[in-house]
file upload_38.cif (mmCIF, C-alpha atoms)
data_input
loop_
_atom_site.group_PDB
_atom_site.id
_atom_site.type_symbol
_atom_site.label_atom_id
_atom_site.label_comp_id
_atom_site.auth_asym_id
_atom_site.auth_seq_id
_atom_site.Cartn_x
_atom_site.Cartn_y
_atom_site.Cartn_z
ATOM 1 C CA MET A 144 18.070 24.725 15.970
ATOM 2 C CA THR A 145 16.032 22.895 13.326
ATOM 3 C CA ASN A 146 12.273 23.387 13.461
ATOM 4 C CA PRO A 147 10.826 20.043 14.684
ATOM 5 C CA ILE A 148 7.742 20.430 12.454
ATOM 6 C CA ARG A 149 9.907 20.948 9.378
ATOM 7 C CA ARG A 150 12.125 18.035 10.384
ATOM 8 C CA THR A 151 9.056 15.769 10.668
ATOM 9 C CA GLN A 152 7.812 16.886 7.233
ATOM 10 C CA HIS A 153 11.200 16.108 5.685
ATOM 11 C CA ALA A 154 11.130 12.662 7.324
ATOM 12 C CA ARG A 155 7.725 11.940 5.707
ATOM 13 C CA TRP A 156 8.898 12.617 2.165
ATOM 14 C CA PRO A 157 10.784 9.310 1.654
ATOM 15 C CA ALA A 158 7.710 7.359 2.771
ATOM 16 C CA LEU A 159 5.457 9.390 0.459
ATOM 17 C CA ALA A 160 7.866 8.854 -2.441
ATOM 18 C CA ALA A 161 7.933 5.106 -1.738
ATOM 19 C CA ALA A 162 4.138 4.989 -1.668
ATOM 20 C CA GLY A 163 4.065 6.881 -4.969
ATOM 21 C CA VAL A 164 6.382 4.352 -6.607
ATOM 22 C CA THR A 165 4.150 1.535 -5.373
ATOM 23 C CA VAL A 166 0.962 3.094 -6.698
ATOM 24 C CA VAL A 167 2.432 3.795 -10.148
ATOM 25 C CA LEU A 168 3.871 0.291 -10.545
ATOM 26 C CA TRP A 169 0.711 -1.409 -9.274
ATOM 27 C CA ALA A 170 -1.298 0.606 -11.783
ATOM 28 C CA SER A 171 1.026 -0.519 -14.580
ATOM 29 C CA ALA A 172 0.456 -4.129 -13.492
ATOM 30 C CA PHE A 173 -3.146 -4.006 -14.743
ATOM 31 C CA VAL A 174 -1.922 -3.240 -18.263
ATOM 32 C CA SER A 175 0.623 -6.092 -18.166
ATOM 33 C CA ILE A 176 -1.853 -8.582 -16.656
ATOM 34 C CA ARG A 177 -4.230 -7.896 -19.519
ATOM 35 C CA SER A 178 -1.539 -8.962 -21.996
ATOM 36 C CA ALA A 179 -0.040 -11.899 -20.070
ATOM 37 C CA GLY A 180 -3.460 -13.227 -19.041
ATOM 38 C CA GLU A 181 -4.272 -14.116 -22.640
ATOM 39 C CA ALA A 182 -1.555 -16.802 -22.645
ATOM 40 C CA TYR A 183 -1.330 -17.842 -18.982
ATOM 41 C CA SER A 184 -3.962 -19.225 -16.628
ATOM 42 C CA PRO A 185 -4.501 -17.449 -13.265
ATOM 43 C CA GLY A 186 -2.424 -19.882 -11.203
ATOM 44 C CA ALA A 187 0.409 -20.153 -13.714
ATOM 45 C CA LEU A 188 0.604 -16.367 -14.084
ATOM 46 C CA ALA A 189 0.715 -15.898 -10.316
ATOM 47 C CA LEU A 190 3.437 -18.529 -9.896
ATOM 48 C CA GLY A 191 5.567 -17.145 -12.723
ATOM 49 C CA ARG A 192 5.232 -13.636 -11.349
ATOM 50 C CA LEU A 193 6.160 -14.727 -7.834
ATOM 51 C CA LEU A 194 9.144 -16.801 -8.993
ATOM 52 C CA ALA A 195 10.508 -13.839 -10.934
ATOM 53 C CA GLY A 196 9.961 -11.562 -7.941
ATOM 54 C CA ALA A 197 11.522 -13.995 -5.467
ATOM 55 C CA LEU A 198 14.577 -14.411 -7.711
ATOM 56 C CA ALA A 199 15.067 -10.655 -8.033
ATOM 57 C CA LEU A 200 14.631 -10.083 -4.295
ATOM 58 C CA GLY A 201 16.931 -13.001 -3.471
ATOM 59 C CA CYS A 202 19.709 -11.429 -5.538
ATOM 60 C CA VAL A 203 19.286 -8.141 -3.682
ATOM 61 C CA LEU A 204 19.391 -9.961 -0.335
ATOM 62 C CA LEU A 205 22.660 -11.644 -1.312
ATOM 63 C CA VAL A 206 24.229 -8.369 -2.449
ATOM 64 C CA ARG A 207 23.177 -6.630 0.771
ATOM 65 C CA ARG A 208 24.157 -9.705 2.831
ATOM 66 C CA GLU A 209 20.959 -9.583 4.850
ATOM 67 C CA ARG A 210 20.269 -12.537 7.099
ATOM 68 C CA LEU A 211 17.072 -14.428 7.763
ATOM 69 C CA PRO A 212 14.354 -12.377 9.480
ATOM 70 C CA PRO A 213 14.092 -12.706 13.275
ATOM 71 C CA ARG A 214 11.741 -15.356 14.636
ATOM 72 C CA ALA A 215 9.280 -12.702 15.816
ATOM 73 C CA ALA A 216 8.737 -11.502 12.225
ATOM 74 C CA TRP A 217 7.900 -14.915 10.737
ATOM 75 C CA PRO A 218 4.203 -15.147 11.749
ATOM 76 C CA GLY A 219 3.426 -11.893 9.943
ATOM 77 C CA ILE A 220 5.597 -12.864 6.958
ATOM 78 C CA ALA A 221 3.928 -16.279 6.651
ATOM 79 C CA VAL A 222 0.369 -14.919 6.898
ATOM 80 C CA SER A 223 0.979 -12.037 4.486
ATOM 81 C CA GLY A 224 2.770 -14.373 2.083
ATOM 82 C CA LEU A 225 -0.142 -16.828 2.022
ATOM 83 C CA LEU A 226 -2.957 -14.265 1.911
ATOM 84 C CA TRP A 227 -1.496 -11.429 -0.165
ATOM 85 C CA PHE A 228 1.171 -12.976 -2.371
ATOM 86 C CA GLY A 229 -0.605 -16.300 -2.732
ATOM 87 C CA VAL A 230 -4.389 -16.164 -2.418
ATOM 88 C CA TYR A 231 -4.826 -12.569 -3.603
ATOM 89 C CA MET A 232 -2.854 -12.933 -6.851
ATOM 90 C CA VAL A 233 -4.416 -16.240 -7.910
ATOM 91 C CA VAL A 234 -7.980 -15.317 -6.972
ATOM 92 C CA LEU A 235 -7.802 -11.857 -8.552
ATOM 93 C CA ASN A 236 -6.491 -13.295 -11.845
ATOM 94 C CA TRP A 237 -9.324 -15.832 -11.774
ATOM 95 C CA GLY A 238 -11.965 -13.280 -10.843
ATOM 96 C CA GLU A 239 -11.015 -10.942 -13.692
ATOM 97 C CA GLN A 240 -11.732 -13.787 -16.122
ATOM 98 C CA GLU A 241 -15.271 -14.109 -14.751
ATOM 99 C CA VAL A 242 -16.285 -10.424 -14.515
ATOM 100 C CA ASP A 243 -15.437 -7.268 -16.390
ATOM 101 C CA ALA A 244 -12.664 -4.969 -15.205
ATOM 102 C CA GLY A 245 -15.089 -2.380 -13.848
ATOM 103 C CA THR A 246 -16.894 -4.819 -11.574
ATOM 104 C CA ALA A 247 -13.579 -6.252 -10.383
ATOM 105 C CA ALA A 248 -12.285 -2.765 -9.559
ATOM 106 C CA MET A 249 -15.401 -1.922 -7.541
ATOM 107 C CA VAL A 250 -15.318 -5.128 -5.476
ATOM 108 C CA VAL A 251 -11.560 -5.230 -4.864
ATOM 109 C CA ASN A 252 -11.599 -1.609 -3.695
ATOM 110 C CA ILE A 253 -13.427 -2.774 -0.578
ATOM 111 C CA GLY A 254 -9.906 -3.783 0.514
ATOM 112 C CA PRO A 255 -8.763 -0.378 1.857
ATOM 113 C CA VAL A 256 -11.944 -0.116 3.932
ATOM 114 C CA LEU A 257 -11.281 -3.563 5.406
ATOM 115 C CA ILE A 258 -7.655 -2.566 6.096
ATOM 116 C CA ALA A 259 -8.778 0.454 8.123
ATOM 117 C CA LEU A 260 -11.311 -1.607 10.086
ATOM 118 C CA LEU A 261 -8.911 -4.488 10.751
ATOM 119 C CA GLY A 262 -6.101 -2.076 11.613
ATOM 120 C CA ALA A 263 -8.295 -0.400 14.203
ATOM 121 C CA ARG A 264 -9.493 -3.713 15.617
ATOM 122 C CA LEU A 265 -6.287 -5.781 15.594
ATOM 123 C CA LEU A 266 -3.504 -3.174 15.629
ATOM 124 C CA GLY A 267 -5.192 -0.495 17.721
ATOM 125 C CA GLU A 268 -4.734 2.140 15.001
ATOM 126 C CA ALA A 269 -6.728 5.332 15.149
ATOM 127 C CA VAL A 270 -9.173 6.069 12.338
ATOM 128 C CA PRO A 271 -9.294 9.885 12.133
ATOM 129 C CA PRO A 272 -12.272 11.613 10.496
ATOM 130 C CA ARG A 273 -10.128 12.838 7.576
ATOM 131 C CA LEU A 274 -9.168 9.250 6.747
ATOM 132 C CA LEU A 275 -12.802 8.127 6.791
ATOM 133 C CA ALA A 276 -13.883 11.097 4.669
ATOM 134 C CA GLY A 277 -11.101 10.541 2.157
ATOM 135 C CA MET A 278 -11.872 6.836 1.861
ATOM 136 C CA ALA A 279 -15.556 7.604 1.276
ATOM 137 C CA VAL A 280 -14.696 10.042 -1.536
ATOM 138 C CA SER A 281 -12.184 7.641 -3.103
ATOM 139 C CA PHE A 282 -14.575 4.690 -2.889
ATOM 140 C CA ALA A 283 -17.227 6.755 -4.642
ATOM 141 C CA GLY A 284 -14.670 7.502 -7.343
ATOM 142 C CA ALA A 285 -13.747 3.812 -7.656
ATOM 143 C CA VAL A 286 -17.435 2.905 -8.037
ATOM 144 C CA THR A 287 -17.793 5.614 -10.693
ATOM 145 C CA VAL A 288 -14.783 4.289 -12.610
ATOM 146 C CA GLY A 289 -16.099 0.738 -12.282
ATOM 147 C CA LEU A 290 -19.565 1.643 -13.572
ATOM 148 C CA SER A 291 -18.086 3.519 -16.515
ATOM 149 C CA MET A 292 -15.854 0.561 -17.444
ATOM 150 C CA SER A 293 -18.446 -2.173 -16.898
ATOM 151 C CA GLY A 294 -19.676 -4.104 -19.898
ATOM 152 C CA GLU A 295 -23.273 -4.694 -20.827
ATOM 153 C CA GLY A 296 -23.311 -8.329 -19.684
ATOM 154 C CA GLY A 297 -24.289 -9.287 -16.182
ATOM 155 C CA ALA A 298 -21.546 -9.979 -13.679
ATOM 156 C CA SER A 299 -20.907 -13.580 -12.709
ATOM 157 C CA THR A 300 -21.716 -14.434 -9.109
ATOM 158 C CA LEU A 301 -18.568 -16.541 -8.943
ATOM 159 C CA GLY A 302 -16.498 -13.673 -10.268
ATOM 160 C CA VAL A 303 -17.869 -11.226 -7.696
ATOM 161 C CA LEU A 304 -17.196 -13.709 -4.879
ATOM 162 C CA LEU A 305 -13.641 -14.259 -6.137
ATOM 163 C CA CYS A 306 -12.971 -10.509 -6.231
ATOM 164 C CA LEU A 307 -14.413 -10.189 -2.737
ATOM 165 C CA LEU A 308 -12.096 -12.975 -1.559
ATOM 166 C CA ALA A 309 -9.205 -11.120 -3.201
ATOM 167 C CA ALA A 310 -10.102 -7.974 -1.243
ATOM 168 C CA VAL A 311 -10.188 -9.956 2.020
ATOM 169 C CA GLY A 312 -6.814 -11.548 1.243
ATOM 170 C CA TYR A 313 -5.333 -8.164 0.398
ATOM 171 C CA ALA A 314 -6.583 -6.590 3.636
ATOM 172 C CA GLY A 315 -5.530 -9.524 5.809
ATOM 173 C CA GLY A 316 -2.071 -9.582 4.237
ATOM 174 C CA VAL A 317 -1.472 -5.887 4.863
ATOM 175 C CA VAL A 318 -2.591 -6.049 8.487
ATOM 176 C CA ALA A 319 -0.437 -9.154 9.093
ATOM 177 C CA GLN A 320 2.573 -7.512 7.449
ATOM 178 C CA LYS A 321 2.511 -4.417 9.664
ATOM 179 C CA PRO A 322 3.710 -6.102 12.932
ATOM 180 C CA ALA A 323 6.419 -8.019 11.039
ATOM 181 C CA LEU A 324 7.973 -4.717 9.946
ATOM 182 C CA ALA A 325 8.699 -3.927 13.590
ATOM 183 C CA HIS A 326 11.173 -6.834 13.688
ATOM 184 C CA ALA A 327 12.544 -7.102 10.125
ATOM 185 C CA SER A 328 13.442 -4.793 7.250
ATOM 186 C CA ALA A 329 11.082 -4.008 4.382
ATOM 187 C CA LEU A 330 13.320 -6.025 2.044
ATOM 188 C CA GLN A 331 13.294 -9.083 4.316
ATOM 189 C CA VAL A 332 9.523 -9.002 4.838
ATOM 190 C CA THR A 333 8.862 -8.614 1.107
ATOM 191 C CA ALA A 334 11.411 -11.180 -0.087
ATOM 192 C CA PHE A 335 10.344 -13.970 2.246
ATOM 193 C CA GLY A 336 6.658 -13.128 1.896
ATOM 194 C CA CYS A 337 7.071 -13.469 -1.874
ATOM 195 C CA LEU A 338 8.871 -16.776 -1.356
ATOM 196 C CA VAL A 339 6.043 -18.079 0.857
ATOM 197 C CA GLY A 340 3.536 -17.113 -1.833
ATOM 198 C CA ALA A 341 5.589 -18.847 -4.529
ATOM 199 C CA VAL A 342 5.754 -22.043 -2.476
ATOM 200 C CA ALA A 343 1.981 -21.898 -1.952
ATOM 201 C CA CYS A 344 1.506 -21.619 -5.733
ATOM 202 C CA LEU A 345 3.772 -24.570 -6.615
ATOM 203 C CA PRO A 346 0.749 -26.785 -7.471
ATOM 204 C CA PHE A 347 0.459 -24.652 -10.641
ATOM 205 C CA ALA A 348 4.030 -25.494 -11.747
ATOM 206 C CA GLY A 349 2.815 -27.988 -14.361
ATOM 207 C CA GLN A 350 0.511 -25.407 -15.930
ATOM 208 C CA LEU A 351 3.294 -22.822 -15.956
ATOM 209 C CA ALA A 352 5.760 -25.154 -17.707
ATOM 210 C CA ASP A 353 3.201 -26.224 -20.302
ATOM 211 C CA GLN A 354 1.935 -22.713 -21.064
ATOM 212 C CA ALA A 355 5.387 -21.098 -21.096
ATOM 213 C CA ALA A 356 6.386 -23.416 -23.961
ATOM 214 C CA ARG A 357 3.474 -22.161 -26.080
ATOM 215 C CA ALA A 358 3.113 -18.543 -24.904
ATOM 216 C CA PRO A 359 4.305 -15.658 -27.082
ATOM 217 C CA VAL A 360 7.452 -13.869 -25.980
ATOM 218 C CA SER A 361 5.511 -10.676 -25.202
ATOM 219 C CA ALA A 362 3.286 -12.477 -22.676
ATOM 220 C CA THR A 363 6.287 -14.064 -20.948
ATOM 221 C CA LEU A 364 8.098 -10.710 -20.808
ATOM 222 C CA ASN A 365 5.016 -9.154 -19.253
ATOM 223 C CA MET A 366 4.976 -11.910 -16.641
ATOM 224 C CA VAL A 367 8.643 -11.263 -15.832
ATOM 225 C CA TYR A 368 7.946 -7.519 -15.655
ATOM 226 C CA LEU A 369 5.128 -8.204 -13.194
ATOM 227 C CA GLY A 370 7.517 -10.147 -10.988
ATOM 228 C CA VAL A 371 10.432 -7.692 -11.028
ATOM 229 C CA PHE A 372 8.695 -4.324 -10.855
ATOM 230 C CA PRO A 373 5.068 -4.453 -9.544
ATOM 231 C CA THR A 374 6.029 -7.322 -7.192
ATOM 232 C CA ALA A 375 9.705 -7.134 -6.126
ATOM 233 C CA LEU A 376 10.164 -3.368 -6.279
ATOM 234 C CA ALA A 377 6.637 -2.120 -5.562
ATOM 235 C CA PHE A 378 5.974 -4.470 -2.640
ATOM 236 C CA THR A 379 9.321 -3.442 -1.096
ATOM 237 C CA THR A 380 8.560 0.271 -1.376
ATOM 238 C CA TRP A 381 5.094 -0.492 0.010
ATOM 239 C CA ALA A 382 6.600 -2.225 3.059
ATOM 240 C CA TYR A 383 9.039 0.662 3.539
ATOM 241 C CA ALA A 384 6.177 3.178 3.584
ATOM 242 C CA LEU A 385 3.914 0.923 5.681
ATOM 243 C CA ALA A 386 6.586 0.737 8.393
ATOM 244 C CA ARG A 387 6.388 4.539 8.689
ATOM 245 C CA THR A 388 2.633 5.088 8.746
ATOM 246 C CA THR A 389 -0.601 3.297 9.631
ATOM 247 C CA ALA A 390 -2.126 0.469 7.623
ATOM 248 C CA GLY A 391 -5.301 2.513 7.143
ATOM 249 C CA ARG A 392 -3.486 5.449 5.548
ATOM 250 C CA MET A 393 -1.480 3.168 3.265
ATOM 251 C CA GLY A 394 -4.614 1.335 2.206
ATOM 252 C CA ALA A 395 -6.319 4.622 1.338
ATOM 253 C CA THR A 396 -3.310 5.585 -0.803
ATOM 254 C CA THR A 397 -4.027 2.691 -3.166
ATOM 255 C CA TYR A 398 -7.248 4.410 -4.232
ATOM 256 C CA ALA A 399 -5.030 6.388 -6.612
ATOM 257 C CA VAL A 400 -4.472 3.189 -8.619
ATOM 258 C CA PRO A 401 -7.798 3.276 -10.569
ATOM 259 C CA ALA A 402 -7.123 6.843 -11.694
ATOM 260 C CA LEU A 403 -3.632 5.914 -12.917
ATOM 261 C CA VAL A 404 -4.944 2.787 -14.640
ATOM 262 C CA VAL A 405 -7.353 4.974 -16.612
ATOM 263 C CA LEU A 406 -4.488 7.273 -17.616
ATOM 264 C CA MET A 407 -2.134 4.415 -18.572
ATOM 265 C CA SER A 408 -4.851 2.653 -20.569
ATOM 266 C CA TRP A 409 -5.361 5.910 -22.423
ATOM 267 C CA LEU A 410 -1.649 6.332 -23.203
ATOM 268 C CA VAL A 411 -0.578 2.699 -23.741
ATOM 269 C CA LEU A 412 -3.698 0.912 -24.982
ATOM 270 C CA GLU A 413 -5.282 3.963 -26.635
ATOM 271 C CA GLU A 414 -8.484 3.382 -24.685
ATOM 272 C CA VAL A 415 -10.017 6.858 -24.559
ATOM 273 C CA PRO A 416 -11.824 7.326 -21.216
ATOM 274 C CA GLY A 417 -15.271 8.864 -21.140
ATOM 275 C CA PRO A 418 -16.320 11.838 -18.990
ATOM 276 C CA LEU A 419 -17.700 9.564 -16.248
ATOM 277 C CA THR A 420 -14.405 7.653 -16.069
ATOM 278 C CA LEU A 421 -12.409 10.877 -15.813
ATOM 279 C CA ALA A 422 -14.732 12.186 -13.095
ATOM 280 C CA GLY A 423 -14.329 8.956 -11.117
ATOM 281 C CA GLY A 424 -10.544 9.130 -11.420
ATOM 282 C CA ALA A 425 -10.558 12.701 -10.162
ATOM 283 C CA LEU A 426 -12.658 11.643 -7.164
ATOM 284 C CA CYS A 427 -10.179 8.849 -6.386
ATOM 285 C CA LEU A 428 -7.257 11.286 -6.340
ATOM 286 C CA ALA A 429 -9.210 13.861 -4.328
ATOM 287 C CA GLY A 430 -10.075 11.250 -1.706
ATOM 288 C CA VAL A 431 -6.444 10.166 -1.406
ATOM 289 C CA ALA A 432 -5.417 13.794 -0.901
ATOM 290 C CA VAL A 433 -7.996 14.193 1.876
ATOM 291 C CA SER A 434 -7.030 10.935 3.600
ATOM 292 C CA ARG A 435 -3.320 11.804 3.539
ATOM 293 C CA SER A 436 -3.804 15.395 4.702
ATOM 294 C CA ARG A 437 -3.272 16.527 8.257
ATOM 295 C CA PRO A 438 -5.125 19.205 10.238
ATOM 296 C CA ARG A 439 -3.603 22.634 9.811
ATOM 297 C CA ARG A 440 -1.784 23.967 12.774
ATOM 298 C CA ALA A 441 -3.039 27.237 14.108
ATOM 299 C CA SER A 442 -1.171 30.187 12.690
ATOM 300 C CA ALA A 443 1.054 32.242 14.907
ATOM 301 C CA ALA A 444 -1.297 35.197 14.696
ATOM 302 C CA GLY A 445 -4.518 33.357 15.468
ATOM 303 C CA ALA A 446 -3.260 30.629 17.758
ATOM 304 C CA PRO A 447 -3.893 30.988 21.462
ATOM 305 C CA VAL A 448 -0.728 31.860 23.298
ATOM 306 C CA THR A 449 0.277 29.147 25.717
ATOM 307 C CA PRO A 450 1.555 30.652 28.955
ATOM 308 C CA ARG A 451 5.186 29.929 29.552
ATOM 309 C CA GLU A 452 6.383 28.276 32.687
ATOM 310 C CA PRO A 453 8.095 30.722 35.035
ATOM 311 C CA ALA A 454 11.847 30.534 34.965
ATOM 312 C CA PRO A 455 13.303 28.664 37.938
ATOM 313 C CA SER A 456 14.655 30.866 40.710
ATOM 314 C CA PRO A 457 18.419 30.867 41.216
ATOM 315 C CA PRO A 458 19.610 28.751 44.116
ATOM 316 C CA ALA A 459 19.688 30.584 47.408
ATOM 317 C CA SER A 460 23.083 31.420 48.814
ATOM 318 C CA PRO A 461 24.067 29.922 52.197
ATOM 319 C CA GLY A 462 22.443 31.672 55.105
ATOM 320 C CA ARG A 463 20.022 33.548 52.886
ATOM 321 C CA PRO A 464 16.310 32.607 52.581
ATOM 322 C CA PRO A 465 15.063 31.696 49.095
ATOM 323 C CA SER A 466 13.417 34.504 47.189
ATOM 324 C CA ARG A 467 9.664 34.363 46.747
ATOM 325 C CA PRO A 468 8.088 34.900 43.334
ATOM 326 C CA ALA A 469 6.592 38.335 42.906
ATOM 327 C CA ARG A 470 2.801 38.535 43.098
ATOM 328 C CA ARG A 471 0.934 39.411 39.924
ATOM 329 C CA GLU A 472 -1.382 42.342 40.050
ATOM 330 C CA SER A 473 -4.978 41.327 39.354
#
call {"tool": "encode", "arguments": {"input": "upload_38.cif", "output": "structure tokens"}}
result
Amino acid sequence: MTNPIRRTQHARWPALAAAGVTVVLWASAFVSIRSAGEAYSPGALALGRLLAGALALGCVLLVRRERLPPRAAWPGIAVSGLLWFGVYMVVLNWGEQEVDAGTAAMVVNIGPVLIALLGARLLGEAVPPRLLAGMAVSFAGAVTVGLSMSGEGGASTLGVLLCLLAAVGYAGGVVAQKPALAHASALQVTAFGCLVGAVACLPFAGQLADQAARAPVSATLNMVYLGVFPTALAFTTWAYALARTTAGRMGATTYAVPALVVLMSWLVLEEVPGPLTLAGGALCLAGVAVSRSRPRRASAAGAPVTPREPAPSPPASPGRPPSRPARRES
């Protein structure tokens, strides 16, 4: 027979791989946003990204012949679409124009903490000590990365408030998405959530049309990349992993993003990180490892032996009294 512990570990690997894909693609989004944001305003960039993502996801839905999500999934899809796909993307793009990247990273990384708190309050999820410890370590690493990347100028109050609103939208969207995944597939929840966000961003359609006519091809390609990969693919793998773990654990996993952003900026943009940045990235990864770890099971040699239940006595034959269990010597 297959060891149940080993079978459970094998079942976790697809979810971990999906979470890894999400983290890598979300980290790459910061590099693309930096390029596309020079030609597109926050609302236009969000709308273009969401339209590209909704188109890609719609094609996959047609190929797979998936139907509309059940009615029970729509409240979560609508809320996550408005908060996460809509508010979060527009407000974060706007906030990063008001403050430096380091300050934005520090404020937005309040999101995983809010996810754990809201998940415990609204979804009844447990918050184990390892998750809290890992989030504390990762948040310290995110603050370290943010301080090392911050410019000399003072942060705008409006920019900080916008990044804080982005963190709230991110956390609320994740917590709203979790119950919807109990009724619909990850692809359905992501596709229709993206569509809801695109509809919410339609007021920016005029800006998008005007700026797309003047934007360089590289900026438009980056916008399309943001829609197909960090949105369509990464949000689907996120939903797949979220359906198989708690919102708090998934939120803590995103603390690996700042470390990967530092690495990608080094490789792609040739921005050499300083020692403080590298130390902060290492703390982020260490915290994620702690939050995702599980308590070790006691080894066979040191574990207390659980007494086995006595084997049931054979049925008594007709006319014969049932046998009594033998007394143990004290």
call {"tool": "resolve_selection", "arguments": {"input": "upload_38.cif", "expression": "the PyMOL selection byres ((chain A and resi 226) around 10)", "output": "list in words"}}
result
Ala221, Val222, Ser223, Gly224, Leu225, Trp227, Phe228, Gly229, Val230, Tyr231, Met232, Leu308, Ala309, Val311, Gly312, Tyr313, Ala314, Gly315, Gly316, Val317, Ala319, Gly336, Val339, Gly340 and Ala343 of chain A
call {"tool": "resolve_selection", "arguments": {"input": "upload_38.cif", "expression": "the PyMOL selection byres ((chain A and resi 371-388) around 8)", "output": "JSON, numbers by chain"}}
result
{"A": [157, 158, 159, 161, 162, 164, 165, 166, 168, 169, 171, 172, 192, 193, 195, 196, 197, 199, 200, 320, 321, 324, 325, 328, 329, 330, 332, 333, 334, 367, 368, 369, 370, 389, 390, 392, 393]}
call {"tool": "atom_distance", "arguments": {"input": "upload_38.cif", "atom1": "atom CA of Ser434 of chain A", "atom2": "atom CA of Thr397 of chain A"}}
result
11.1 Å
call {"tool": "residues_near_point", "arguments": {"input": "upload_38.cif", "point": "(5.9, -18.3, -12.4)", "cutoff": "10 Å", "atoms": "only C-alpha atoms", "output": "list in words"}}
result
Tyr183, Gly186, Ala187, Leu188, Ala189, Leu190, Gly191, Arg192, Leu193, Leu194, Ala195, Gly196, Ala197, Ala341, Cys344, Leu345, Phe347, Ala348, Gln350, Leu351, Ala352, Ala355, Thr363, Met366, Val367 and Gly370 of chain A
call {"tool": "atom_distance", "arguments": {"input": "upload_38.cif", "atom1": "atom CA of Pro359 of chain A", "atom2": "atom CA of Leu301 of chain A"}}
result
29.2 Å
call {"tool": "atom_distance", "arguments": {"input": "upload_38.cif", "atom1": "atom CA of Asn252 of chain A", "atom2": "atom CA of Val405 of chain A"}}
result
15.1 Å
call {"tool": "residues_around", "arguments": {"input": "upload_38.cif", "residues": "Gly284 of chain A", "least_positions_apart": "5", "cutoff": "10 Å", "atoms": "only C-alpha atoms", "output": "list in words"}}
result
Met249, Met278, Ala279, Gly289, Leu290, Tyr398, Ala399, Pro401, Ala402, Leu419, Thr420, Leu421, Ala422, Gly423, Gly424, Ala425, Leu426, Cys427, Leu428, Ala429 and Gly430 of chain A
call {"tool": "closest_residue", "arguments": {"input": "upload_38.cif", "among": "A:Leu403, A:Ala395, A:Ile176, A:Val411", "to": "Leu235 of chain A", "atoms": "only C-alpha atoms"}}
result
A:Ile176
call {"tool": "resolve_selection", "arguments": {"input": "upload_38.cif", "expression": "the PyMOL selection byres ((chain A and resi 272) around 12)", "output": "list in words"}}
result
Ala259, Ala269, Val270, Pro271, Arg273, Leu274, Leu275, Ala276, Gly277, Met278, Ala279, Gly391, Arg392, Val433, Ser434, Arg435, Ser436, Arg437 and Pro438 of chain A
call {"tool": "write_last_selection", "arguments": {"input": "upload_38.cif", "atoms": "C-alpha atoms", "output": "PDB file, in the frame of the given file"}}
result
ATOM      1  CA  ALA A 259      -8.778   0.454   8.123  1.00  0.00           C
ATOM      2  CA  ALA A 269      -6.728   5.332  15.149  1.00  0.00           C
ATOM      3  CA  VAL A 270      -9.173   6.069  12.338  1.00  0.00           C
ATOM      4  CA  PRO A 271      -9.294   9.885  12.133  1.00  0.00           C
ATOM      5  CA  ARG A 273     -10.128  12.838   7.576  1.00  0.00           C
ATOM      6  CA  LEU A 274      -9.168   9.250   6.747  1.00  0.00           C
ATOM      7  CA  LEU A 275     -12.802   8.127   6.791  1.00  0.00           C
ATOM      8  CA  ALA A 276     -13.883  11.097   4.669  1.00  0.00           C
ATOM      9  CA  GLY A 277     -11.101  10.541   2.157  1.00  0.00           C
ATOM     10  CA  MET A 278     -11.872   6.836   1.861  1.00  0.00           C
ATOM     11  CA  ALA A 279     -15.556   7.604   1.276  1.00  0.00           C
ATOM     12  CA  GLY A 391      -5.301   2.513   7.143  1.00  0.00           C
ATOM     13  CA  ARG A 392      -3.486   5.449   5.548  1.00  0.00           C
ATOM     14  CA  VAL A 433      -7.996  14.193   1.876  1.00  0.00           C
ATOM     15  CA  SER A 434      -7.030  10.935   3.600  1.00  0.00           C
ATOM     16  CA  ARG A 435      -3.320  11.804   3.539  1.00  0.00           C
ATOM     17  CA  SER A 436      -3.804  15.395   4.702  1.00  0.00           C
ATOM     18  CA  ARG A 437      -3.272  16.527   8.257  1.00  0.00           C
ATOM     19  CA  PRO A 438      -5.125  19.205  10.238  1.00  0.00           C
TER      20      PRO A 438
END
call {"tool": "axis_aligned_box", "arguments": {"input": "upload_38.cif", "around": "segment 250-265 of chain A", "padding_each_side": "8 Å", "output": "AutoDock Vina command-line options"}}
result
--center_x -10.7 --center_y -2.7 --center_z 5.1 --size_x 25.2 --size_y 22.2 --size_z 37.1
